[in-house]
2 protein chains.
Amino acid sequence: MDVAAKKTSFPRLDESLLSHLPPFSKLETRQIRTVLDQATSRRCEANHCVFSEGDVADRFYMLLDGYVRVIRVTSDGEQVTSLHIPAGQLLGIAKALGKDTYPATAMTASESILLSWPMRLWDNFVQDYDGFATETYKTVGARVGEMNNRIVELATQQVEQRVANAILRLINQTGRKVEDGIEIDFPITRQDLSELTATTLHTVSRLLSAWEKQGLVTSKRKRIKVCDPHALVVLSQG
Amino acid sequence: MDVAAKKTSFPRLDESLLSHLPPFSKLETRQIRTVLDQATSRRCEANHCVFSEGDVADRFYMLLDGYVRVIRVTSDGEQVTSLHIPAGQLLGIAKALGKDTYPATAMTASESILLSWPMRLWDNFVQDYDGFATETYKTVGARVGEMNNRIVELATQQVEQRVANAILRLINQTGRKVEDGIEIDFPITRQDLSELTATTLHTVSRLLSAWEKQGLVTSKRKRIKVCDPHALVVLSQG
DNA sequence: ATGGAAGTTTGTGCTGGAGCAAAGAAAGCG
DNA sequence: CGCTTTCTTTGCTCCAGCACAAACTTCCAT
């Protein structure tokens with residue numbers, strides 16, 4: 001792999017990129033340089049499949065920029081989004097779950113930049129890099145927590161609350177402050193939202209229309225801006 | 001801790017108990033003896049709280065006998081069961097998730113026997129015992145997989161399919177072959193099932209009655225026996 | 001600019017399953 | 001043994017949200 005070529009196509013690909021990210025933050029500059037040299041970088045447009053459920057897990061990834069959604073497909077073809085992963089997190093870390101195939105599919109939700117390493121380096125990373133293991137287990141823990149919350153949410157809440165919650169979560173993870181509100185800063189369709197909240201795009205569309213009438217949100221095609229986050233919080237509590 | 005006393009109240013508490021269980025199966029007899037000496041054992045009746053969500057995770061557990069259910073409680077007091085844990089598995093392994101409080105509550109679902117160790121031994125176990133870490137990450141991975149499945153299930157399936165699935169899962173995990181069928185071998189109420197499947201005990205009751213009329217199951221108070229597992233599988237597929 | 005694809009809005013009817021209520025059956029207890 | 005508690009069954013009502021359908025808007029490629 002030609003490092004020079006990488007640097008031209010991704011000018012910002014230097015130590016400073018990783019040095020502030022939890023799994024690598026305790027590393028020395030020299031170590032980070034090694035890590036970078038072993039990495040493959042890739043820029044993907046939105047809706048690009050990073051890896052698929054069941055594939056042999058031969059690489060693990062760090063999302064440098066953009067957003068990735070983790071989805072599962074049911075036997076009859078329906079998609080369910082189980083997680084959104086924001087920039088700065090590892091993904092495809094099957095090894096941390098004791099698996100050698102990916103347990104779910106990952107797709108980019110917006111244009112994204114990914115670093116990846118061959119999975120055979122995993123054990124090296126764990127051994128050589130102080131804090132790497134700890135941080136990945138924290139990541140796993142956080143995702144387990146999120147999944148748990150989604151289960152509780154799906155089990156007990158109404159559709160309106162779930163949609164409100166989903167939007168709030170996205171805002172927290174990926175919100176961008178703009179004039180008169182906070183916008184989800186990647187393209188998201190009603191369909192996507194319905195897959196996140198286990199309902200239909202029709203219902204999501206209706207809800208957003210209703211909220212827009214009440215001035216809680218404004219939305220264009222693939223864009224959602226929240227004007228009154230507090231009102232959404234109230235809604236989400238039931 | 002008086003080892004002699006333990007041995008009298010739990011006569012079977014010797015090396016053979018642990019030696020076949022995954023996290024300990026690679027240990028030498030001498031090591032297992034050390035592990036046992038450091039353990040506290042406890043017998044609990046059904047519906048006993050092992051640890052609560054949010055508690056400081058000061059111990060981790062091995063379920064030797066019985067069943068444990070992992071539950072979460074919503075802000076308005078509703079309970080949701082996220083997992084059933086069968087005998088032979090670790091629980092309360094917050095450390096493997098990078099947490100120092102338990103992320104959920106664990107209650108015994110039947111009379112159970114638990115070993116436990118102070119959490120400060122966790123790192124020792126990981127370091128000293130070959131395969132311990134690997135196996136716990138597999139456990140975590142399996143639970144993540146299960147949770148993922150539950151999310152997909154909740155998101156896409158009808159109540160009838162979910163209840164059928166839940167019963168099948170329980171049968172697989174904890175089923176006991178009896179004459180003319182397989183029985184869930186711990187007491188489970190309609191309420192429990194409804195918490196597992198995110199519905200109401202009324203609906204579960206109706207479904208079981210209907211299935212009983214069709215000869216798929218028979219059930220007494222707190223007991224469910226499946227006579228025609230295949231028919232249940234068909235139902236669960238929708 | 002033009003046609004088509006992708007995304008969104010909105011209306012209408014229908015139904016699965018929740019909510020409520022009330023009574024019956026089994027287990028536990030003094 | 002009767003009394004209480006816990007668990008279960010069942011009937012009835014009602015509505016949230018799904019299915020289906022059709023039109024509209026925005027984006028994109030040719």
# chains A, B, ... in the order shown; residues from 1 in each chain; ligands from 1
call {"tool": "interface_residues", "arguments": {"of": "chain D", "to": "chain B", "cutoff": "9 Å", "atoms": "only C-alpha atoms (C1' of nucleotides)", "output": "ChimeraX atom specification"}}
result
/D:7-10
call {"tool": "residues_around", "arguments": {"residues": "Val73 in chain B", "least_positions_apart": "3", "cutoff": "10 Å", "atoms": "only C-alpha atoms (C1' of nucleotides)", "output": "MDAnalysis selection string"}}
result
(chainID A and resid 152) or (chainID B and resid 53 76:81 104:105)
call {"tool": "write_last_selection", "arguments": {"atoms": "C-alpha atoms", "output": "CSV table (one decimal), in the first residue's frame"}}
result
chain,number,residue,atom,x,y,z
A,152,VAL,CA,-37.3,-1.8,26.2
B,53,GLU,CA,-29.4,-2.5,37.6
B,76,ASP,CA,-43.2,3.8,34.7
B,77,GLY,CA,-42.5,0.5,36.4
B,78,GLU,CA,-43.1,-1.9,33.5
B,79,GLN,CA,-40.8,-4.9,33.4
B,80,VAL,CA,-39.1,-6.2,30.3
B,81,THR,CA,-37.2,-9.4,30.2
B,104,ALA,CA,-29.6,-4.8,34.2
B,105,THR,CA,-31.2,-6.6,37.0
call {"tool": "residues_around", "arguments": {"residues": "Gly66 in chain A", "least_positions_apart": "2", "cutoff": "12 Å", "atoms": "only C-alpha atoms (C1' of nucleotides)", "output": "PyMOL selection string"}}
result
chain A and resi 42-48+62-64+68-69+84-89+107-114+173-174+184-187
call {"tool": "closest_atom_pairs", "arguments": {"of": "chain C", "to": "chain B", "cutoff": "8 Å", "atoms": "only C-alpha atoms (C1' of nucleotides)", "output": "tab-separated table"}}
result
residue	atom	partner	partner_atom	distance
C:DG17	C1'	B:Thr203	CA	7.3
C:DA18	C1'	B:Thr200	CA	7.6
C:DA26	C1'	B:Arg221	CA	7.6
call {"tool": "write_last_selection", "arguments": {"atoms": "N, CA and C atoms (P, O5', C5', C4', C3', O3' and C1' of nucleotides)", "output": "compact mmCIF listing (two decimals), in the first residue's frame"}}
result
# COMPACT_ATOMS: atom_id res chain seq x y z
P DG C 17 -51.33 -9.33 16.62
O5' DG C 17 -51.60 -8.59 18.00
C5' DG C 17 -51.33 -7.20 18.08
C4' DG C 17 -52.12 -6.58 19.19
C3' DG C 17 -52.17 -7.39 20.50
O3' DG C 17 -52.00 -6.50 21.55
C1' DG C 17 -54.29 -6.76 19.93
P DA C 18 -51.02 -6.57 22.70
O5' DA C 18 -51.40 -5.28 23.56
C5' DA C 18 -51.29 -3.99 22.95
C4' DA C 18 -52.34 -3.05 23.54
C3' DA C 18 -52.48 -3.17 25.06
O3' DA C 18 -52.55 -1.85 25.62
C1' DA C 18 -54.58 -3.57 24.03
P DA C 26 -58.28 -26.28 39.14
O5' DA C 26 -56.91 -25.97 39.90
C5' DA C 26 -55.85 -25.35 39.19
C4' DA C 26 -54.97 -24.64 40.17
C3' DA C 26 -54.46 -25.51 41.31
O3' DA C 26 -53.05 -25.58 41.18
C1' DA C 26 -55.22 -23.40 42.10
call {"tool": "select_by_dssp", "arguments": {"residues": "range 157-209 of chain A", "states": "helix (DSSP H, G or I)", "output": "PyMOL selection string"}}
result
chain A and resi 159-174+190-197+201-209
call {"tool": "write_last_selection", "arguments": {"atoms": "N, CA, C and O atoms", "output": "compact mmCIF listing (two decimals), in the first residue's frame"}}
result
# COMPACT_ATOMS: atom_id res chain seq x y z
N VAL A 159 -45.64 4.26 19.02
CA VAL A 159 -44.90 4.66 17.82
C VAL A 159 -44.41 6.11 17.92
O VAL A 159 -43.26 6.41 17.64
N GLU A 160 -45.29 7.00 18.35
CA GLU A 160 -44.91 8.42 18.38
C GLU A 160 -43.69 8.64 19.29
O GLU A 160 -42.76 9.36 18.94
N GLN A 161 -43.70 7.97 20.45
CA GLN A 161 -42.58 8.11 21.37
C GLN A 161 -41.31 7.54 20.76
O GLN A 161 -40.23 8.11 20.91
N ARG A 162 -41.46 6.42 20.08
CA ARG A 162 -40.27 5.79 19.51
C ARG A 162 -39.64 6.68 18.45
O ARG A 162 -38.41 6.84 18.40
N VAL A 163 -40.48 7.26 17.61
CA VAL A 163 -39.94 8.13 16.56
C VAL A 163 -39.27 9.34 17.19
O VAL A 163 -38.15 9.73 16.80
N ALA A 164 -39.93 9.92 18.18
CA ALA A 164 -39.33 11.07 18.87
C ALA A 164 -37.98 10.67 19.46
O ALA A 164 -36.97 11.37 19.28
N ASN A 165 -37.94 9.54 20.13
CA ASN A 165 -36.70 9.05 20.70
C ASN A 165 -35.62 8.86 19.66
O ASN A 165 -34.46 9.23 19.87
N ALA A 166 -35.98 8.24 18.57
CA ALA A 166 -34.99 7.96 17.53
C ALA A 166 -34.39 9.26 17.03
O ALA A 166 -33.17 9.38 16.89
N ILE A 167 -35.23 10.24 16.80
CA ILE A 167 -34.72 11.53 16.31
C ILE A 167 -33.82 12.17 17.36
O ILE A 167 -32.75 12.68 17.04
N LEU A 168 -34.23 12.10 18.61
CA LEU A 168 -33.40 12.68 19.66
C LEU A 168 -32.04 11.99 19.72
O LEU A 168 -31.01 12.64 19.88
N ARG A 169 -32.05 10.68 19.59
CA ARG A 169 -30.79 9.94 19.63
C ARG A 169 -29.89 10.36 18.48
O ARG A 169 -28.70 10.61 18.66
N LEU A 170 -30.49 10.48 17.30
CA LEU A 170 -29.70 10.89 16.14
C LEU A 170 -29.15 12.28 16.33
O LEU A 170 -28.00 12.57 15.97
N ILE A 171 -29.97 13.14 16.92
CA ILE A 171 -29.52 14.51 17.17
C ILE A 171 -28.34 14.52 18.13
O ILE A 171 -27.36 15.22 17.94
N ASN A 172 -28.46 13.70 19.18
CA ASN A 172 -27.36 13.64 20.14
C ASN A 172 -26.08 13.13 19.51
O ASN A 172 -24.99 13.62 19.78
N GLN A 173 -26.23 12.09 18.70
CA GLN A 173 -25.05 11.47 18.11
C GLN A 173 -24.47 12.31 16.99
O GLN A 173 -23.26 12.44 16.86
N THR A 174 -25.35 12.82 16.17
CA THR A 174 -24.88 13.37 14.91
C THR A 174 -25.48 14.74 14.62
O THR A 174 -25.50 15.18 13.48
N ARG A 190 -37.60 9.00 5.30
CA ARG A 190 -38.69 8.52 6.16
C ARG A 190 -38.60 7.01 6.31
O ARG A 190 -38.85 6.44 7.36
N GLN A 191 -38.21 6.39 5.21
CA GLN A 191 -38.03 4.93 5.22
C GLN A 191 -36.98 4.52 6.26
O GLN A 191 -37.21 3.62 7.07
N ASP A 192 -35.84 5.23 6.26
CA ASP A 192 -34.79 4.92 7.23
C ASP A 192 -35.34 5.03 8.65
O ASP A 192 -35.11 4.17 9.49
N LEU A 193 -36.04 6.12 8.88
CA LEU A 193 -36.58 6.34 10.22
C LEU A 193 -37.56 5.23 10.59
O LEU A 193 -37.59 4.77 11.73
N SER A 194 -38.33 4.80 9.62
CA SER A 194 -39.29 3.75 9.93
C SER A 194 -38.57 2.45 10.25
O SER A 194 -39.03 1.68 11.09
N GLU A 195 -37.43 2.22 9.62
CA GLU A 195 -36.68 1.01 9.93
C GLU A 195 -36.02 1.09 11.31
O GLU A 195 -35.83 0.09 11.98
N LEU A 196 -35.72 2.30 11.71
CA LEU A 196 -35.15 2.50 13.05
C LEU A 196 -36.19 2.31 14.13
O LEU A 196 -35.87 1.95 15.25
N THR A 197 -37.44 2.59 13.81
CA THR A 197 -38.46 2.65 14.86
C THR A 197 -39.49 1.56 14.71
O THR A 197 -40.48 1.54 15.44
N LEU A 201 -43.12 3.82 6.76
CA LEU A 201 -42.76 5.17 6.36
C LEU A 201 -43.97 6.09 6.36
O LEU A 201 -43.87 7.28 6.61
N HIS A 202 -45.13 5.54 6.12
CA HIS A 202 -46.36 6.33 6.13
C HIS A 202 -46.57 6.98 7.49
O HIS A 202 -46.83 8.17 7.59
N THR A 203 -46.47 6.16 8.50
CA THR A 203 -46.69 6.68 9.85
C THR A 203 -45.66 7.75 10.19
O THR A 203 -46.00 8.80 10.73
N VAL A 204 -44.40 7.49 9.85
CA VAL A 204 -43.36 8.47 10.12
C VAL A 204 -43.68 9.78 9.39
O VAL A 204 -43.59 10.86 9.96
N SER A 205 -44.08 9.64 8.15
CA SER A 205 -44.40 10.82 7.35
C SER A 205 -45.51 11.63 8.02
O SER A 205 -45.41 12.85 8.18
N ARG A 206 -46.55 10.94 8.41
CA ARG A 206 -47.66 11.62 9.10
C ARG A 206 -47.18 12.34 10.35
O ARG A 206 -47.52 13.49 10.60
N LEU A 207 -46.39 11.64 11.15
CA LEU A 207 -45.92 12.23 12.41
C LEU A 207 -45.11 13.49 12.13
O LEU A 207 -45.32 14.53 12.76
N LEU A 208 -44.19 13.41 11.17
CA LEU A 208 -43.35 14.57 10.87
C LEU A 208 -44.21 15.73 10.37
O LEU A 208 -43.98 16.87 10.74
N SER A 209 -45.19 15.41 9.55
CA SER A 209 -46.08 16.47 9.07
C SER A 209 -46.77 17.14 10.25
O SER A 209 -46.83 18.36 10.35
call {"tool": "closest_residue", "arguments": {"among": "A:Ile182, A:Val217, A:Val226, A:Met147", "to": "chain B", "atoms": "only C-alpha atoms"}}
result
A:Met147
